[in-house]
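Peer 1: Dropping in final.txt, which is compact mmCIF, N, CA and C atoms:
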# COMPACT_ATOMS: atom_id res chain seq x y z
N MET A 1 0.85 -1.17 0.00
CA MET A 1 0.00 0.00 0.00
C MET A 1 0.90 1.24 0.00
N THR A 2 0.82 2.05 -1.05
CA THR A 2 1.65 3.25 -1.15
C THR A 2 0.82 4.52 -1.12
N ASN A 3 -0.49 4.41 -1.05
CA ASN A 3 -1.35 5.59 -0.94
C ASN A 3 -1.95 5.63 0.46
N PHE A 4 -2.10 6.83 0.96
CA PHE A 4 -2.72 7.02 2.28
C PHE A 4 -3.68 8.18 2.18
N GLU A 5 -4.92 7.96 2.63
CA GLU A 5 -5.93 9.02 2.57
C GLU A 5 -6.10 9.62 3.96
N TYR A 6 -6.01 10.94 4.00
CA TYR A 6 -6.22 11.66 5.25
C TYR A 6 -6.91 12.98 4.96
N ASP A 7 -7.96 13.24 5.68
CA ASP A 7 -8.70 14.50 5.58
C ASP A 7 -9.15 14.78 4.14
N GLY A 8 -9.53 13.73 3.42
CA GLY A 8 -10.03 13.87 2.06
C GLY A 8 -8.96 13.99 1.00
N ALA A 9 -7.69 13.97 1.40
CA ALA A 9 -6.59 14.06 0.44
C ALA A 9 -5.87 12.72 0.40
N VAL A 10 -5.52 12.30 -0.82
CA VAL A 10 -4.79 11.04 -1.00
C VAL A 10 -3.32 11.37 -1.21
N PHE A 11 -2.47 10.79 -0.40
CA PHE A 11 -1.03 11.03 -0.46
C PHE A 11 -0.34 9.82 -1.08
N ASP A 12 0.42 10.03 -2.12
CA ASP A 12 1.24 9.00 -2.74
C ASP A 12 2.54 8.93 -1.95
N LEU A 13 2.70 7.89 -1.17
CA LEU A 13 3.84 7.81 -0.26
C LEU A 13 5.15 7.50 -0.96
N THR A 14 5.10 7.18 -2.26
CA THR A 14 6.34 6.94 -2.99
C THR A 14 7.05 8.25 -3.34
N ARG A 15 6.36 9.36 -3.15
CA ARG A 15 6.94 10.66 -3.46
C ARG A 15 7.29 11.40 -2.18
N SER A 16 8.14 12.39 -2.31
CA SER A 16 8.48 13.26 -1.18
C SER A 16 7.50 14.42 -1.14
N PHE A 17 7.44 15.05 0.02
CA PHE A 17 6.55 16.19 0.20
C PHE A 17 7.35 17.36 0.78
N VAL A 18 6.84 18.55 0.60
CA VAL A 18 7.42 19.75 1.20
C VAL A 18 6.30 20.47 1.92
N ASP A 19 6.61 20.98 3.13
CA ASP A 19 5.59 21.72 3.87
C ASP A 19 5.66 23.20 3.48
N VAL A 20 4.82 24.02 4.13
CA VAL A 20 4.73 25.42 3.73
C VAL A 20 6.00 26.21 4.03
N LEU A 21 6.87 25.69 4.89
CA LEU A 21 8.14 26.37 5.17
C LEU A 21 9.28 25.88 4.29
N GLY A 22 9.02 24.86 3.46
CA GLY A 22 10.04 24.36 2.57
C GLY A 22 10.80 23.15 3.11
N VAL A 23 10.36 22.61 4.24
CA VAL A 23 11.00 21.42 4.81
C VAL A 23 10.50 20.19 4.07
N GLU A 24 11.43 19.34 3.64
CA GLU A 24 11.05 18.13 2.92
C GLU A 24 10.71 17.02 3.89
N TRP A 25 9.73 16.20 3.50
CA TRP A 25 9.31 15.04 4.27
C TRP A 25 9.22 13.86 3.32
N GLU A 26 9.65 12.69 3.77
CA GLU A 26 9.55 11.49 2.93
C GLU A 26 9.21 10.29 3.81
N TRP A 27 8.62 9.29 3.19
CA TRP A 27 8.20 8.08 3.88
C TRP A 27 9.23 7.00 3.64
N HIS A 28 9.67 6.33 4.69
CA HIS A 28 10.68 5.28 4.57
C HIS A 28 10.10 3.90 4.82
N GLY A 29 8.78 3.78 4.72
CA GLY A 29 8.14 2.47 4.87
C GLY A 29 7.70 2.15 6.29
N GLN A 30 7.80 3.08 7.21
CA GLN A 30 7.42 2.82 8.59
C GLN A 30 5.97 3.24 8.83
N TRP A 31 5.30 2.52 9.72
CA TRP A 31 3.90 2.80 10.06
C TRP A 31 3.77 2.89 11.57
N THR A 32 2.78 3.65 12.04
CA THR A 32 2.45 3.67 13.46
C THR A 32 1.61 2.44 13.77
N ASP A 33 1.35 2.21 15.05
CA ASP A 33 0.50 1.08 15.45
C ASP A 33 -0.92 1.25 14.96
N SER A 34 -1.36 2.49 14.77
CA SER A 34 -2.72 2.75 14.31
C SER A 34 -2.82 2.77 12.78
N GLY A 35 -1.73 2.49 12.07
CA GLY A 35 -1.77 2.39 10.61
C GLY A 35 -1.50 3.70 9.88
N GLU A 36 -0.88 4.65 10.53
CA GLU A 36 -0.53 5.92 9.88
C GLU A 36 0.93 5.88 9.45
N PRO A 37 1.24 6.41 8.25
CA PRO A 37 2.63 6.41 7.80
C PRO A 37 3.47 7.40 8.60
N LEU A 38 4.70 7.03 8.86
CA LEU A 38 5.63 7.91 9.56
C LEU A 38 6.50 8.61 8.54
N LEU A 39 6.48 9.94 8.56
CA LEU A 39 7.29 10.73 7.65
C LEU A 39 8.56 11.17 8.36
N VAL A 40 9.64 11.25 7.60
CA VAL A 40 10.94 11.64 8.13
C VAL A 40 11.41 12.86 7.36
N SER A 41 11.95 13.83 8.11
CA SER A 41 12.58 14.98 7.47
C SER A 41 14.07 14.67 7.38
N PRO A 42 14.71 14.93 6.23
CA PRO A 42 16.15 14.65 6.12
C PRO A 42 16.97 15.34 7.20
N GLY A 43 16.50 16.46 7.73
CA GLY A 43 17.21 17.14 8.80
C GLY A 43 17.11 16.42 10.14
N LEU A 44 16.06 15.63 10.32
CA LEU A 44 15.85 14.88 11.56
C LEU A 44 15.52 13.43 11.22
N PRO A 45 16.47 12.66 10.71
CA PRO A 45 16.15 11.30 10.25
C PRO A 45 15.78 10.35 11.38
N ASP A 46 16.14 10.65 12.61
CA ASP A 46 15.84 9.75 13.73
C ASP A 46 14.54 10.10 14.45
N SER A 47 13.79 11.05 13.90
CA SER A 47 12.55 11.48 14.55
C SER A 47 11.38 11.40 13.58
N PRO A 48 10.88 10.19 13.28
CA PRO A 48 9.73 10.09 12.38
C PRO A 48 8.47 10.65 13.04
N VAL A 49 7.64 11.27 12.21
CA VAL A 49 6.41 11.91 12.69
C VAL A 49 5.26 11.35 11.86
N PRO A 50 4.11 10.99 12.49
CA PRO A 50 2.96 10.51 11.72
C PRO A 50 2.48 11.56 10.72
N LEU A 51 2.08 11.12 9.55
CA LEU A 51 1.62 12.04 8.49
C LEU A 51 0.51 12.96 8.96
N PRO A 52 -0.50 12.50 9.72
CA PRO A 52 -1.53 13.45 10.17
C PRO A 52 -0.97 14.58 11.04
N ASP A 53 0.06 14.26 11.86
CA ASP A 53 0.65 15.31 12.69
C ASP A 53 1.43 16.31 11.85
N VAL A 54 2.15 15.82 10.85
CA VAL A 54 2.89 16.72 9.96
C VAL A 54 1.91 17.59 9.18
N TYR A 55 0.83 16.97 8.71
CA TYR A 55 -0.19 17.70 7.95
C TYR A 55 -0.83 18.79 8.81
N ARG A 56 -1.13 18.46 10.07
CA ARG A 56 -1.78 19.43 10.98
C ARG A 56 -0.81 20.54 11.39
N ASP A 57 0.43 20.17 11.73
CA ASP A 57 1.37 21.15 12.28
C ASP A 57 2.16 21.92 11.23
N HIS A 58 2.40 21.31 10.07
CA HIS A 58 3.28 21.92 9.07
C HIS A 58 2.63 22.05 7.69
N GLY A 59 1.41 21.59 7.53
CA GLY A 59 0.78 21.49 6.23
C GLY A 59 0.22 22.79 5.73
N PRO A 60 -0.34 22.76 4.55
CA PRO A 60 -0.55 21.57 3.74
C PRO A 60 0.76 21.04 3.15
N LEU A 61 0.73 19.77 2.82
CA LEU A 61 1.91 19.14 2.22
C LEU A 61 1.77 19.17 0.69
N ILE A 62 2.85 19.55 0.05
CA ILE A 62 2.86 19.68 -1.41
C ILE A 62 3.77 18.59 -1.97
N THR A 63 3.28 17.84 -2.92
CA THR A 63 4.05 16.77 -3.52
C THR A 63 5.20 17.34 -4.35
N ILE A 64 6.38 16.76 -4.18
CA ILE A 64 7.53 17.16 -4.99
C ILE A 64 7.57 16.26 -6.21
N ASN A 65 7.44 16.84 -7.38
CA ASN A 65 7.48 16.07 -8.60
C ASN A 65 8.92 15.79 -9.00
N PRO A 66 9.17 14.63 -9.58
CA PRO A 66 10.54 14.33 -10.01
C PRO A 66 10.96 15.28 -11.13
N ARG A 67 12.25 15.60 -11.17
CA ARG A 67 12.77 16.49 -12.21
C ARG A 67 12.73 15.80 -13.57
N PRO A 68 12.37 16.52 -14.63
CA PRO A 68 12.36 15.91 -15.96
C PRO A 68 13.79 15.63 -16.44
N SER A 69 13.91 14.60 -17.24
CA SER A 69 15.21 14.24 -17.80
C SER A 69 15.53 15.15 -19.00
N ALA A 70 16.76 15.06 -19.49
CA ALA A 70 17.16 15.85 -20.65
C ALA A 70 16.31 15.48 -21.87
N ALA A 71 16.01 14.21 -22.03
CA ALA A 71 15.18 13.78 -23.15
C ALA A 71 13.77 14.37 -23.04
N GLN A 72 13.25 14.46 -21.84
CA GLN A 72 11.92 15.05 -21.66
C GLN A 72 11.94 16.54 -21.97
N TYR A 73 13.02 17.23 -21.60
CA TYR A 73 13.15 18.65 -21.97
C TYR A 73 13.15 18.81 -23.49
N ARG A 74 13.97 18.01 -24.19
CA ARG A 74 14.03 18.11 -25.65
C ARG A 74 12.68 17.82 -26.28
N ALA A 75 11.98 16.81 -25.76
CA ALA A 75 10.67 16.47 -26.30
C ALA A 75 9.67 17.61 -26.07
N ALA A 76 9.80 18.31 -24.97
CA ALA A 76 8.88 19.41 -24.69
C ALA A 76 9.15 20.61 -25.59
N VAL A 77 10.44 20.88 -25.87
CA VAL A 77 10.80 22.02 -26.69
C VAL A 77 10.53 21.74 -28.16
N ASP A 78 11.00 20.63 -28.67
CA ASP A 78 10.80 20.25 -30.07
C ASP A 78 10.74 18.74 -30.14
N PRO A 79 9.53 18.17 -30.24
CA PRO A 79 9.39 16.73 -30.21
C PRO A 79 10.13 16.01 -31.34
N ASP A 80 10.37 16.69 -32.43
CA ASP A 80 11.05 16.03 -33.55
C ASP A 80 12.14 16.96 -34.08
N TYR A 81 13.20 17.12 -33.29
CA TYR A 81 14.27 18.04 -33.64
C TYR A 81 14.93 17.67 -34.97
N ALA A 82 15.16 16.38 -35.21
CA ALA A 82 15.80 15.95 -36.45
C ALA A 82 14.97 16.36 -37.66
N ALA A 83 13.65 16.23 -37.58
CA ALA A 83 12.79 16.63 -38.70
C ALA A 83 12.83 18.15 -38.88
N THR A 84 12.94 18.90 -37.82
CA THR A 84 13.03 20.35 -37.92
C THR A 84 14.29 20.76 -38.66
N VAL A 85 15.41 20.13 -38.32
CA VAL A 85 16.67 20.44 -38.99
C VAL A 85 16.60 20.04 -40.46
N ALA A 86 16.04 18.86 -40.73
CA ALA A 86 15.94 18.37 -42.11
C ALA A 86 15.05 19.27 -42.96
N ALA A 87 14.04 19.88 -42.36
CA ALA A 87 13.13 20.74 -43.11
C ALA A 87 13.75 22.10 -43.40
N GLY A 88 14.92 22.39 -42.84
CA GLY A 88 15.59 23.64 -43.14
C GLY A 88 15.19 24.79 -42.26
N TYR A 89 14.64 24.51 -41.08
CA TYR A 89 14.23 25.58 -40.19
C TYR A 89 15.36 26.07 -39.30
N VAL A 90 16.58 25.64 -39.57
CA VAL A 90 17.72 26.07 -38.79
C VAL A 90 18.44 27.15 -39.59
N GLU A 91 18.81 28.25 -38.95
CA GLU A 91 19.46 29.33 -39.65
C GLU A 91 20.85 29.58 -39.07
N SER A 92 21.70 30.14 -39.87
CA SER A 92 23.05 30.43 -39.42
C SER A 92 23.01 31.65 -38.51
N PRO A 93 24.08 31.88 -37.75
CA PRO A 93 24.11 33.08 -36.91
C PRO A 93 23.96 34.38 -37.71
N ALA A 94 24.52 34.42 -38.92
CA ALA A 94 24.38 35.63 -39.76
C ALA A 94 22.93 35.83 -40.17
N GLU A 95 22.24 34.74 -40.55
CA GLU A 95 20.83 34.85 -40.93
C GLU A 95 19.98 35.29 -39.73
N PHE A 96 20.30 34.74 -38.56
CA PHE A 96 19.56 35.12 -37.36
C PHE A 96 19.77 36.60 -37.06
N GLY A 97 21.04 37.08 -37.15
CA GLY A 97 21.33 38.49 -36.91
C GLY A 97 20.61 39.40 -37.88
N ALA A 98 20.55 38.99 -39.17
CA ALA A 98 19.85 39.81 -40.16
C ALA A 98 18.35 39.85 -39.87
N ARG A 99 17.82 38.75 -39.34
CA ARG A 99 16.39 38.68 -39.08
C ARG A 99 15.99 39.53 -37.89
N ILE A 100 16.85 39.66 -36.89
CA ILE A 100 16.45 40.40 -35.70
C ILE A 100 16.93 41.85 -35.69
N THR A 101 17.73 42.25 -36.68
CA THR A 101 18.20 43.63 -36.74
C THR A 101 17.05 44.54 -37.18
N PRO A 102 16.78 45.60 -36.43
CA PRO A 102 15.67 46.48 -36.82
C PRO A 102 15.98 47.22 -38.12
N VAL A 103 14.95 47.43 -38.89
CA VAL A 103 15.08 48.16 -40.15
C VAL A 103 14.93 49.64 -39.86
N VAL A 104 15.92 50.44 -40.24
CA VAL A 104 15.90 51.88 -40.03
C VAL A 104 15.24 52.52 -41.25
N PRO A 105 14.22 53.36 -41.03
CA PRO A 105 13.59 54.00 -42.19
C PRO A 105 14.57 54.94 -42.90
N ALA A 106 14.38 55.07 -44.21
CA ALA A 106 15.28 55.90 -45.01
C ALA A 106 15.20 57.37 -44.61
N VAL A 107 14.00 57.84 -44.31
CA VAL A 107 13.82 59.24 -43.95
C VAL A 107 13.39 59.29 -42.49
N VAL A 108 14.19 59.90 -41.69
CA VAL A 108 13.87 60.06 -40.27
C VAL A 108 13.27 61.44 -40.09
N PRO A 109 12.05 61.53 -39.56
CA PRO A 109 11.44 62.85 -39.38
C PRO A 109 12.23 63.66 -38.35
N GLN A 110 12.38 64.96 -38.65
CA GLN A 110 13.10 65.87 -37.76
C GLN A 110 12.08 66.68 -36.97
N LEU A 111 12.32 66.76 -35.70
CA LEU A 111 11.44 67.57 -34.85
C LEU A 111 11.84 69.03 -34.94
N THR A 112 10.83 69.88 -35.04
CA THR A 112 11.06 71.32 -35.03
C THR A 112 10.38 71.90 -33.80
N ALA A 113 10.55 73.19 -33.59
CA ALA A 113 10.03 73.82 -32.38
C ALA A 113 8.51 73.71 -32.28
N HIS A 114 7.81 73.70 -33.40
CA HIS A 114 6.34 73.66 -33.31
C HIS A 114 5.83 72.28 -32.90
N HIS A 115 6.69 71.26 -32.83
CA HIS A 115 6.28 69.95 -32.34
C HIS A 115 6.28 69.88 -30.81
N LEU A 116 6.96 70.80 -30.18
CA LEU A 116 7.10 70.78 -28.74
C LEU A 116 6.02 71.62 -28.08
N ASN A 117 5.62 71.24 -26.88
CA ASN A 117 4.66 72.04 -26.13
C ASN A 117 5.32 73.34 -25.70
N PRO A 118 4.58 74.42 -25.67
CA PRO A 118 5.18 75.69 -25.23
C PRO A 118 5.56 75.62 -23.76
N SER A 119 6.53 76.39 -23.40
CA SER A 119 6.98 76.45 -22.02
C SER A 119 5.89 77.08 -21.17
N PRO A 120 5.66 76.57 -19.96
CA PRO A 120 4.65 77.18 -19.09
C PRO A 120 4.97 78.64 -18.77
N MET A 121 6.26 78.99 -18.79
CA MET A 121 6.64 80.37 -18.49
C MET A 121 6.18 81.33 -19.57
N GLU A 122 5.97 80.83 -20.79
CA GLU A 122 5.56 81.70 -21.88
C GLU A 122 4.05 81.79 -22.01
N GLN A 123 3.33 81.04 -21.21
CA GLN A 123 1.88 81.09 -21.27
C GLN A 123 1.38 82.20 -20.36
N THR A 124 0.48 82.99 -20.89
CA THR A 124 0.01 84.15 -20.12
C THR A 124 -0.74 83.71 -18.87
N GLY A 125 -1.43 82.62 -18.92
CA GLY A 125 -2.18 82.16 -17.75
C GLY A 125 -1.25 81.80 -16.61
N PHE A 126 -0.16 81.16 -16.90
CA PHE A 126 0.78 80.76 -15.86
C PHE A 126 1.52 81.98 -15.32
N ARG A 127 1.90 82.88 -16.22
CA ARG A 127 2.59 84.10 -15.78
C ARG A 127 1.64 84.93 -14.90
N GLY A 128 0.38 84.97 -15.28
CA GLY A 128 -0.60 85.69 -14.46
C GLY A 128 -0.75 85.05 -13.08
N PHE A 129 -0.73 83.73 -13.05
CA PHE A 129 -0.81 83.03 -11.78
C PHE A 129 0.39 83.38 -10.90
N LEU A 130 1.58 83.42 -11.51
CA LEU A 130 2.78 83.79 -10.74
C LEU A 130 2.65 85.21 -10.19
N ASN A 131 2.09 86.10 -10.99
CA ASN A 131 1.92 87.49 -10.54
C ASN A 131 0.96 87.57 -9.37
N THR A 132 -0.07 86.73 -9.35
CA THR A 132 -0.99 86.76 -8.21
C THR A 132 -0.32 86.28 -6.95
N ILE A 133 0.56 85.30 -7.06
CA ILE A 133 1.31 84.82 -5.89
C ILE A 133 2.24 85.92 -5.42
N LYS A 134 2.90 86.55 -6.37
CA LYS A 134 3.84 87.62 -6.05
C LYS A 134 3.10 88.78 -5.37
N GLY A 135 1.91 89.07 -5.87
CA GLY A 135 1.13 90.16 -5.29
C GLY A 135 0.59 89.80 -3.90
N ALA A 136 0.31 88.55 -3.66
CA ALA A 136 -0.20 88.13 -2.37
C ALA A 136 0.85 88.29 -1.29
N ARG A 137 2.10 88.20 -1.64
CA ARG A 137 3.17 88.35 -0.65
C ARG A 137 3.28 89.80 -0.19
N ARG A 138 2.99 90.69 -1.10
CA ARG A 138 3.11 92.11 -0.75
C ARG A 138 1.98 92.53 0.19
N GLY A 139 0.81 91.94 -0.03
CA GLY A 139 -0.36 92.41 0.68
C GLY A 139 -0.43 91.86 2.03
Any chance you could put this one into structure tokens?
Peer 2:
Amino acid sequence: MTNFEYDGAVFDLTRSFVDVLGVEWEWHGQWTDSGEPLLVSPGLPDSPVPLPDVYRDHGPLITINPRPSAAQYRAAVDPDYAATVAAGYVESPAEFGARITPVVPAVVPQLTAHHLNPSPMEQTGFRGFLNTIKGARRG
């Protein structure tokens, strides 16, 4: 028996678990007298704790999935790499550089003064506002 059900959750005891603080827990095949699996933390290998206690005190427990192999990575990126190369979808570094280099337009527009917003100092409303502040200091 490698599955254990507790509190409506089924735990696959062949896998390791991590609690909310990042502490790993794993089952080494030991059981309590009441039939609960004993989990061991690699930091405390001589202190097994029943799974319900770990779940209550440190949970929820998150299953650690095994790392994918190099072949699984290649299959995920391109399931048929040889066919991709044979079809000619591989480009040289020069071709790649030419493809990603931005195209500069032949005529670059030049900005002139009328493209810019006028300075607030040259606007009569702002200058008038400054004059009211200046006048308020005198009064």
Peer 1: What gap, in Å, lies between atom C of Val18 of chain A and atom C of Gly43 of chain A?
Peer 2: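 We find that atom C of Val18 of chain A and atom C of Gly43 of chain A lie 14.2 Å from each other.
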Peer 1: Please identify all polymer residues within 5 Å of segment 53-59 of chain A, counting all atoms listed in the file, omitting same-chain residues fewer than 2 positions from it, and present them as an NGL selection string.
Peer 2: :A and (19-20 or 50-51 or 61)
Peer 1: Quick one: distance from atom CA of Ser34 of chain A to atom CA of Phe17 of chain A in Å, one decimal?
Peer 2: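 Interatomic distance, atom CA of Ser34 of chain A to atom CA of Phe17 of chain A: 21.6 Å.
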Peer 1: Mind pulling up the distance from atom CA of Thr63 of chain A to atom CA of Asp7 of chain A?
Peer 2: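 Atom CA of Thr63 of chain A lies at a distance of 15.8 Å from atom CA of Asp7 of chain A.
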Peer 1: Once 3 Å is added on each side, what centre and edge lengths in Å to one decimal does the axis-aligned box around all listed atoms of segment 18-30 of chain A have, as AutoDock Vina command-line options?
Peer 2:
--center_x 8.1 --center_y 14.3 --center_z 4.7 --size_x 12.7 --size_y 30.2 --size_z 14.2
Peer 1: DSSP says alpha helix (DSSP H) for which residues of segment 38-119 of chain A? Put them as a PyMOL selection string?
Peer 2: chain A and resi 51-58+70-77+81-86+93-100
Peer 1: With N, CA and C atoms retained, export the selected residues as a compact mmCIF listing (two decimals), in the coordinates of the input.
Peer 2:
# COMPACT_ATOMS: atom_id res chain seq x y z
N LEU A 51 2.08 11.12 9.55
CA LEU A 51 1.62 12.04 8.49
C LEU A 51 0.51 12.96 8.96
N PRO A 52 -0.50 12.50 9.72
CA PRO A 52 -1.53 13.45 10.17
C PRO A 52 -0.97 14.58 11.04
N ASP A 53 0.06 14.26 11.86
CA ASP A 53 0.65 15.31 12.69
C ASP A 53 1.43 16.31 11.85
N VAL A 54 2.15 15.82 10.85
CA VAL A 54 2.89 16.72 9.96
C VAL A 54 1.91 17.59 9.18
N TYR A 55 0.83 16.97 8.71
CA TYR A 55 -0.19 17.70 7.95
C TYR A 55 -0.83 18.79 8.81
N ARG A 56 -1.13 18.46 10.07
CA ARG A 56 -1.78 19.43 10.98
C ARG A 56 -0.81 20.54 11.39
N ASP A 57 0.43 20.17 11.73
CA ASP A 57 1.37 21.15 12.28
C ASP A 57 2.16 21.92 11.23
N HIS A 58 2.40 21.31 10.07
CA HIS A 58 3.28 21.92 9.07
C HIS A 58 2.63 22.05 7.69
N ALA A 70 16.76 15.06 -19.49
CA ALA A 70 17.16 15.85 -20.65
C ALA A 70 16.31 15.48 -21.87
N ALA A 71 16.01 14.21 -22.03
CA ALA A 71 15.18 13.78 -23.15
C ALA A 71 13.77 14.37 -23.04
N GLN A 72 13.25 14.46 -21.84
CA GLN A 72 11.92 15.05 -21.66
C GLN A 72 11.94 16.54 -21.97
N TYR A 73 13.02 17.23 -21.60
CA TYR A 73 13.15 18.65 -21.97
C TYR A 73 13.15 18.81 -23.49
N ARG A 74 13.97 18.01 -24.19
CA ARG A 74 14.03 18.11 -25.65
C ARG A 74 12.68 17.82 -26.28
N ALA A 75 11.98 16.81 -25.76
CA ALA A 75 10.67 16.47 -26.30
C ALA A 75 9.67 17.61 -26.07
N ALA A 76 9.80 18.31 -24.97
CA ALA A 76 8.88 19.41 -24.69
C ALA A 76 9.15 20.61 -25.59
N VAL A 77 10.44 20.88 -25.87
CA VAL A 77 10.80 22.02 -26.69
C VAL A 77 10.53 21.74 -28.16
N TYR A 81 13.20 17.12 -33.29
CA TYR A 81 14.27 18.04 -33.64
C TYR A 81 14.93 17.67 -34.97
N ALA A 82 15.16 16.38 -35.21
CA ALA A 82 15.80 15.95 -36.45
C ALA A 82 14.97 16.36 -37.66
N ALA A 83 13.65 16.23 -37.58
CA ALA A 83 12.79 16.63 -38.70
C ALA A 83 12.83 18.15 -38.88
N THR A 84 12.94 18.90 -37.82
CA THR A 84 13.03 20.35 -37.92
C THR A 84 14.29 20.76 -38.66
N VAL A 85 15.41 20.13 -38.32
CA VAL A 85 16.67 20.44 -38.99
C VAL A 85 16.60 20.04 -40.46
N ALA A 86 16.04 18.86 -40.73
CA ALA A 86 15.94 18.37 -42.11
C ALA A 86 15.05 19.27 -42.96
N PRO A 93 24.08 31.88 -37.75
CA PRO A 93 24.11 33.08 -36.91
C PRO A 93 23.96 34.38 -37.71
N ALA A 94 24.52 34.42 -38.92
CA ALA A 94 24.38 35.63 -39.76
C ALA A 94 22.93 35.83 -40.17
N GLU A 95 22.24 34.74 -40.55
CA GLU A 95 20.83 34.85 -40.93
C GLU A 95 19.98 35.29 -39.73
N PHE A 96 20.30 34.74 -38.56
CA PHE A 96 19.56 35.12 -37.36
C PHE A 96 19.77 36.60 -37.06
N GLY A 97 21.04 37.08 -37.15
CA GLY A 97 21.33 38.49 -36.91
C GLY A 97 20.61 39.40 -37.88
N ALA A 98 20.55 38.99 -39.17
CA ALA A 98 19.85 39.81 -40.16
C ALA A 98 18.35 39.85 -39.87
N ARG A 99 17.82 38.75 -39.34
CA ARG A 99 16.39 38.68 -39.08
C ARG A 99 15.99 39.53 -37.89
N ILE A 100 16.85 39.66 -36.89
CA ILE A 100 16.45 40.40 -35.70
C ILE A 100 16.93 41.85 -35.69
Peer 1: Of the candidates A:Asn131, A:Trp25, A:Ser16, A:Val103, which shows the shortest atom-to-atom distance to Asn65 of chain A, using all atoms listed in the file?
Peer 2: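 Closest to Asn65 of chain A of all the choices is A:Ser16.
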Peer 1: So which residues touch Pro48 of chain A within 6 Å, counting all atoms listed in the file, skipping near sequence neighbours fewer than 5 positions away, as a PyMOL selection string?
Peer 2: chain A and resi 38-40
Peer 1: Within 7 Å of Pro37 of chain A, counting all atoms listed in the file, which residues show up once you throw out same-chain ones fewer than 6 positions away? Write them as an MDAnalysis selection string, please.
Peer 2: chainID A and resid 27 29:31 49:52
Peer 1: Per DSSP on the backbone, filter segment 8-122 of chain A down to the residues in strand (DSSP E) and report them as an MDAnalysis selection string.
Peer 2: chainID A and resid 9:12 17:18 24:31 37:41 44:50 62:63
Peer 1: Limited to N, CA and C atoms, could you put the picked residues into a file as a compact mmCIF listing (two decimals), in the frame of the given file?
Peer 2:
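As written to disk, again-v6.txt reads:
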# COMPACT_ATOMS: atom_id res chain seq x y z
N ALA A 9 -7.69 13.97 1.40
CA ALA A 9 -6.59 14.06 0.44
C ALA A 9 -5.87 12.72 0.40
N VAL A 10 -5.52 12.30 -0.82
CA VAL A 10 -4.79 11.04 -1.00
C VAL A 10 -3.32 11.37 -1.21
N PHE A 11 -2.47 10.79 -0.40
CA PHE A 11 -1.03 11.03 -0.46
C PHE A 11 -0.34 9.82 -1.08
N ASP A 12 0.42 10.03 -2.12
CA ASP A 12 1.24 9.00 -2.74
C ASP A 12 2.54 8.93 -1.95
N PHE A 17 7.44 15.05 0.02
CA PHE A 17 6.55 16.19 0.20
C PHE A 17 7.35 17.36 0.78
N VAL A 18 6.84 18.55 0.60
CA VAL A 18 7.42 19.75 1.20
C VAL A 18 6.30 20.47 1.92
N GLU A 24 11.43 19.34 3.64
CA GLU A 24 11.05 18.13 2.92
C GLU A 24 10.71 17.02 3.89
N TRP A 25 9.73 16.20 3.50
CA TRP A 25 9.31 15.04 4.27
C TRP A 25 9.22 13.86 3.32
N GLU A 26 9.65 12.69 3.77
CA GLU A 26 9.55 11.49 2.93
C GLU A 26 9.21 10.29 3.81
N TRP A 27 8.62 9.29 3.19
CA TRP A 27 8.20 8.08 3.88
C TRP A 27 9.23 7.00 3.64
N HIS A 28 9.67 6.33 4.69
CA HIS A 28 10.68 5.28 4.57
C HIS A 28 10.10 3.90 4.82
N GLY A 29 8.78 3.78 4.72
CA GLY A 29 8.14 2.47 4.87
C GLY A 29 7.70 2.15 6.29
N GLN A 30 7.80 3.08 7.21
CA GLN A 30 7.42 2.82 8.59
C GLN A 30 5.97 3.24 8.83
N TRP A 31 5.30 2.52 9.72
CA TRP A 31 3.90 2.80 10.06
C TRP A 31 3.77 2.89 11.57
N PRO A 37 1.24 6.41 8.25
CA PRO A 37 2.63 6.41 7.80
C PRO A 37 3.47 7.40 8.60
N LEU A 38 4.70 7.03 8.86
CA LEU A 38 5.63 7.91 9.56
C LEU A 38 6.50 8.61 8.54
N LEU A 39 6.48 9.94 8.56
CA LEU A 39 7.29 10.73 7.65
C LEU A 39 8.56 11.17 8.36
N VAL A 40 9.64 11.25 7.60
CA VAL A 40 10.94 11.64 8.13
C VAL A 40 11.41 12.86 7.36
N SER A 41 11.95 13.83 8.11
CA SER A 41 12.58 14.98 7.47
C SER A 41 14.07 14.67 7.38
N LEU A 44 16.06 15.63 10.32
CA LEU A 44 15.85 14.88 11.56
C LEU A 44 15.52 13.43 11.22
N PRO A 45 16.47 12.66 10.71
CA PRO A 45 16.15 11.30 10.25
C PRO A 45 15.78 10.35 11.38
N ASP A 46 16.14 10.65 12.61
CA ASP A 46 15.84 9.75 13.73
C ASP A 46 14.54 10.10 14.45
N SER A 47 13.79 11.05 13.90
CA SER A 47 12.55 11.48 14.55
C SER A 47 11.38 11.40 13.58
N PRO A 48 10.88 10.19 13.28
CA PRO A 48 9.73 10.09 12.38
C PRO A 48 8.47 10.65 13.04
N VAL A 49 7.64 11.27 12.21
CA VAL A 49 6.41 11.91 12.69
C VAL A 49 5.26 11.35 11.86
N PRO A 50 4.11 10.99 12.49
CA PRO A 50 2.96 10.51 11.72
C PRO A 50 2.48 11.56 10.72
N ILE A 62 2.85 19.55 0.05
CA ILE A 62 2.86 19.68 -1.41
C ILE A 62 3.77 18.59 -1.97
N THR A 63 3.28 17.84 -2.92
CA THR A 63 4.05 16.77 -3.52
C THR A 63 5.20 17.34 -4.35
